[in-house]
Each structure stands twice: as C-alpha cells, then as structure tokens.
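Participant: Take this structure, written in structure tokens, and hold onto it; I'll ask about it next.
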Amino acid sequence: MAAKVFIDGEVGTTGLQIRDRLVGRADIALISLPEDRRKDAGARAEAFAQADLAILCLPDDAAIEAAAICATLPTRLIDASTAHRVNPDWVFGFAEMAAGQRAAIAGAKRVSNPGCYSTCAIALLRPLVEAGLVSGEADLSIFGISGYSGGGKAMIAEFEKGEANGAFLYATGQKHKHMPEVMAYGKLSRAPVFVPAVGQYAQGMIVQIPVFDVDAGAVHAALQAHYAGSQFISVRPLDQVQPRENPQALNNTNKLELSVLGDSGHVVVSAILDNLGKGASGAAVQNLNIMLGLDEGAGL
Ligand SMILES: NC(=O)C1=CN([C@@H]2O[C@H](COP(=O)(O)OP(=O)(O)OC[C@H]3O[C@@H](n4cnc5c(N)ncnc54)[C@H](OP(=O)(O)O)[C@@H]3O)[C@@H](O)[C@H]2O)C=CC1
Ligand SMILES: CC(=O)N[C@@H](CCC(=O)OP(=O)(O)O)C(=O)O
C-alpha cells in the first residue's frame, strides 16, 4: 500500500520541490490542503493525523508548533527547518555522514534534515577530523556562495522584482544559524569563521574551506575512503583542476561533489551541491525513502 505523506508548507520553495519529486510515485499517496486552508491549524492537525509521514517545510517557529501538534500522534516527521538539528531527540538526516547514520534514520520517528551549507561543510570536515588531518580545535574559515533560492520565497521575490541587484555577503556578525550543526556533526570544538554570500543566480552552492600544512593526497584519500560506494557523494580525481568552479554544476540533482584543490601543502577542500537538491528537498526525499524502507534513490 502507498505511504500517506503530508508536506506542510507545500507551496514554499522547499515544499514545492519535494512535491515535484514525490508526485506520480505509485508508492506515495500525497495528502494536500486547499490553498485557503493550508495555514489552518485544525486542517493541518487533521492532515498530520492521516499521514504516515509528514515533511515540515516551514519557518523554524512554525516547525516547532507542528512538532508539538504531532507529539501524541504516531506520524513520523522530517523537518527541513533549522529548529531541531542539534536536538538529541531528533536524528540528523545525513545518511552518508557516519557508519550507522542510515540505520538510525531508517528507525527514527523524528528526522531533522541538514542545512545546505552544513551538508557541504560537514561532508568535508567530518572525515578529515576523524582521520586526524584537521584538528577540531583549529582556526577554520568556511566560505560559501548560494543561489538566491536559498533565502526562500522572500529572497526569490527580491531578486525577481529587481529589489536585490548583484551578489552580496551576509551573516557577517558570525551568528549564522548553520554553525551549531556544523560544529556538532563536523566534530569541531572551536567555532569556525563563516563567510557566506548570495549570488545573482537562482540555485546552486559552493562551500570551500582552506586547510594549511597538509598533504593533498592524504586529504583526498580520506575523503575517498569515507564516501567509497556512495550513490550521491563523489570525490573528484585529484589532478582534475578546473579553471572555474561552477556552483550551478549539480543543479536539479541530489549529488554532492567534493574536491581537493591545490598541491603545495596548503589546500582548499570544496563542495558543490544544489541547495534545493542535496541541500534541502532531495535530501528530504532521500530520508523519506530510507525511513519508509524504499529504494534510497527513488524519485531522485
Ligand atoms: N530554500 C532553501 O534552499 C532551504 C530551505 N530550508 C529550510 O526549509 C524551510 C522552508 O524554507 P523555504 O521553503 O525556503 O521557505 P519559503 O518561505 O519559500 O516557504 C515556507 C512556506 O511555509 C509556509 N508557512 C509559513 N508559516 C506557516 C504555517 N504556520 N502553517 C503552514 N504554512 C506556513 C509559507 O507560506 P506563505 O507562502 O504564505 O508565505 C511558505 O509557503 C525553512 O525552515 C528553511 O530554513 C532548508 C534548506 C535549504
Ligand atoms: C541564501 C540564504 O539565505 N540561505 C539561508 C540558508 C538556507 C536555509 O534557509 O536553509 P536552512 O533551513 O538549511 O537553514 C541562510 O543563509 O540563512
């Protein structure tokens, strides 16, 4: 029988992309609310009660409210927001992060989807910290650029109406909402500096982290060993230098490509993904597939 799935926030940026990936699947029956009832608490509570699994694609405060509504229901949840990512009652939804993580997701009632920048930073840092190539106490800097869809409907509207014009840096006060999860799951004890930017394009992300005084081959080997056999995460061959790195290279996929740039003892480790793919909606569908015991790549 098809699993009943409710996407709360279905007409938002992340919700729409999840819907696109699930609609038409024979193993999923989507529960939808009409436009005039999609924010009605009673209608949402009914939809949660009918669903086997619900995906929260909401601002943090609404996601916390939705989790409270579901507290006494058997409904399983995936939260795409930042609200529960370092909450010990929720399993972090990054199957490739560590041995046992996929099994934890498969058995979980509550799964928190990682942030887009966080997916990149954790994917790069965790294997290097575990291999002893980067210290969790090191002075680290993380640089990132995202397409403007990363800011949801409000930022998309700013760019589409021409109110925002050109790229910009932001979160300069060093309080970006992804740093707690990057520290927790990247195994860092010292907060990194984070310098994110938004480009004048819709979708796609690069995150880069400089690493000093390491052997590029050892860094590359550690990443390759960690992601060997992975369906969605690849490590670019070490000698494949590209004159330009394109943040849109993996758009409309659930892929994440890691690379090690430079061979002089100072390297930059780099990650590219689609912020709406492996950075959000694709990852949520991957988690849904794992939780429901379906083919992990279905619809992706
Ligand atoms: N965009 C991205 O790249 C990523 C986003 N996320 C996270 O996913 C979540 C959703 O983000 P995103 O899709 O970008 O945001 P959007 O603003 O595009 O969509 C949010 C949706 O939630 C709806 N909504 C708000 N409050 C309620 C409520 N109380 N009940 C029901 N619906 C409500 C909004 O309604 P309305 O349309 O009326 O405003 C909107 O449709 C956020 O927590 C975000 O941090 C995570 C990773 C990446
Ligand atoms: C470009 C942009 O504004 N990006 C958002 C991150 C994407 C997002 O909202 O996602 P999470 O739920 O994963 O935190 C930001 O930096 O706050």
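In the structure tokens, the first chain shown is A, the next is B, and so on; residue numbers restart at 1 for each chain, and ligands run from 1 in the order shown.
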How would you report the residues lying within 8 Å of ligand 2, as an MDAnalysis selection string, if you count only C-alpha atoms and all ligand atoms?
Facilitator: chainID A and resid 59 80:82 113:118 145:152 155 170:171 176:178 196:198 275 279:280
Participant: Name all residues at most 10 Å from Gly107 of chain A (count only C-alpha atoms; drop same-chain ones fewer than 4 positions away) and give them as an NGL selection string.
Facilitator: :A and (91 or 102-103 or 111 or 290-293)
Participant: Of the candidates A:Ala67, A:Leu53, A:Leu294, A:Val268, which shows the shortest atom-to-atom distance to ligand 1, using only C-alpha atoms and all ligand atoms?
Facilitator: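 Using only C-alpha atoms and all ligand atoms, ligand 1 sits closest to A:Ala67.
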Participant: Please indicate the distance in Å from atom CA of Gly186 of chain A to atom CA of Gly144 of chain A, rounded to one decimal place.
Facilitator: 16.2 Å
Participant: If I take atom 3 (O, counted along the ligand's line) of ligand 1 and atom CA of Ser32 of chain A, how far is one from the other in Å, to one decimal?
Facilitator: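 The value is 21.8 Å.
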Participant: If you measure from atom CA of Val207 of chain A to atom CA of Lys278 of chain A, what distance in Å do you get, rounded to one decimal?
Facilitator: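 Separation between atom CA of Val207 of chain A and atom CA of Lys278 of chain A: 13.4 Å.
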Participant: Between A:Arg21, A:Pro127, A:His266, A:Gln200, which is the closest to Gly162 of chain A once you count only C-alpha atoms?
Facilitator: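 Closest to Gly162 of chain A, using only C-alpha atoms: A:Gln200.
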Participant: Rank A:Phe48, A:Phe168, A:Tyr185, A:Phe194 by their smallest atom-to-atom distance to ligand 1, using only C-alpha atoms and all ligand atoms, and report the top residue only.
Facilitator: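 Result for the nearest residue to ligand 1: A:Phe48.
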Participant: Give me every helix (DSSP H, G or I) residue in segment 117-264 of chain A, going by DSSP on the backbone, as a ChimeraX atom specification.
Facilitator: /A:117-130,148-160,179-186,216-226
Participant: Got time to write the residues from that selection, C-alpha atoms, as a compact mmCIF listing (two decimals), in the first residue's frame?
Facilitator:
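Okay, selection_34.txt is ready:
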# COMPACT_ATOMS: atom_id res chain seq x y z
CA TYR A 117 25.84 24.98 3.81
CA SER A 118 26.05 22.50 6.69
CA THR A 119 25.77 19.49 4.39
CA CYS A 120 28.79 20.76 2.46
CA ALA A 121 30.87 21.73 5.50
CA ILE A 122 30.13 18.55 7.46
CA ALA A 123 30.74 16.36 4.39
CA LEU A 124 34.21 17.92 4.08
CA LEU A 125 35.21 18.29 7.72
CA ARG A 126 33.99 15.17 9.46
CA PRO A 127 36.17 12.64 7.56
CA LEU A 128 39.21 14.94 7.88
CA VAL A 129 38.76 15.44 11.63
CA GLU A 130 38.22 11.71 12.11
CA TYR A 148 19.14 33.27 -4.01
CA SER A 149 16.53 30.47 -3.74
CA GLY A 150 18.37 29.59 -0.51
CA GLY A 151 16.58 32.55 1.08
CA GLY A 152 13.12 31.09 0.26
CA LYS A 153 10.14 32.89 -1.26
CA ALA A 154 11.03 36.27 0.23
CA MET A 155 14.54 36.44 -1.26
CA ILE A 156 13.40 34.97 -4.59
CA ALA A 157 10.84 37.80 -4.82
CA GLU A 158 13.52 40.42 -4.02
CA PHE A 159 15.65 39.24 -6.94
CA GLU A 160 12.77 38.67 -9.33
CA MET A 179 27.14 26.84 12.73
CA PRO A 180 25.74 24.83 15.68
CA GLU A 181 25.12 21.80 13.45
CA VAL A 182 28.45 22.24 11.62
CA MET A 183 30.26 22.19 14.98
CA ALA A 184 28.25 19.29 16.42
CA TYR A 185 28.44 16.95 13.41
CA GLY A 186 31.73 18.23 11.98
CA ALA A 216 46.69 16.91 -0.62
CA GLY A 217 46.95 13.18 -1.39
CA ALA A 218 46.19 12.24 2.22
CA VAL A 219 43.20 14.61 2.33
CA HIS A 220 41.89 13.21 -0.94
CA ALA A 221 42.39 9.61 0.22
CA ALA A 222 40.49 10.27 3.47
CA LEU A 223 37.52 11.73 1.58
CA GLN A 224 37.56 8.91 -0.97
CA ALA A 225 37.65 6.25 1.74
CA HIS A 226 34.75 7.86 3.61
Participant: DSSP on the backbone, strand (DSSP E or B) only: what residues of segment 96-265 of chain A does that give? Format it as JSON, numbers by chain.
Facilitator: {"A": [110, 111, 112, 141, 142, 143, 144, 145, 146, 168, 169, 193, 194, 195, 196, 197, 198, 205, 206, 207, 208, 209, 210, 211, 233, 234, 235, 256, 257, 258, 259, 260, 261]}
Participant: Which polymer residues have any atom within 9 Å of an atom of Pro237 of chain A, counting only C-alpha atoms, with same-chain residues fewer than 2 positions away left out, as a VMD selection string?
Facilitator: chain A and resid 220 235 239 to 241 259 to 260
Participant: Which of these, A:Leu188, A:Ala98, A:Ala3, A:Val195, has the shortest distance to Ser135 of chain A once you count only C-alpha atoms?
Facilitator: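 The shortest atom-to-atom distance to Ser135 of chain A comes from A:Leu188.
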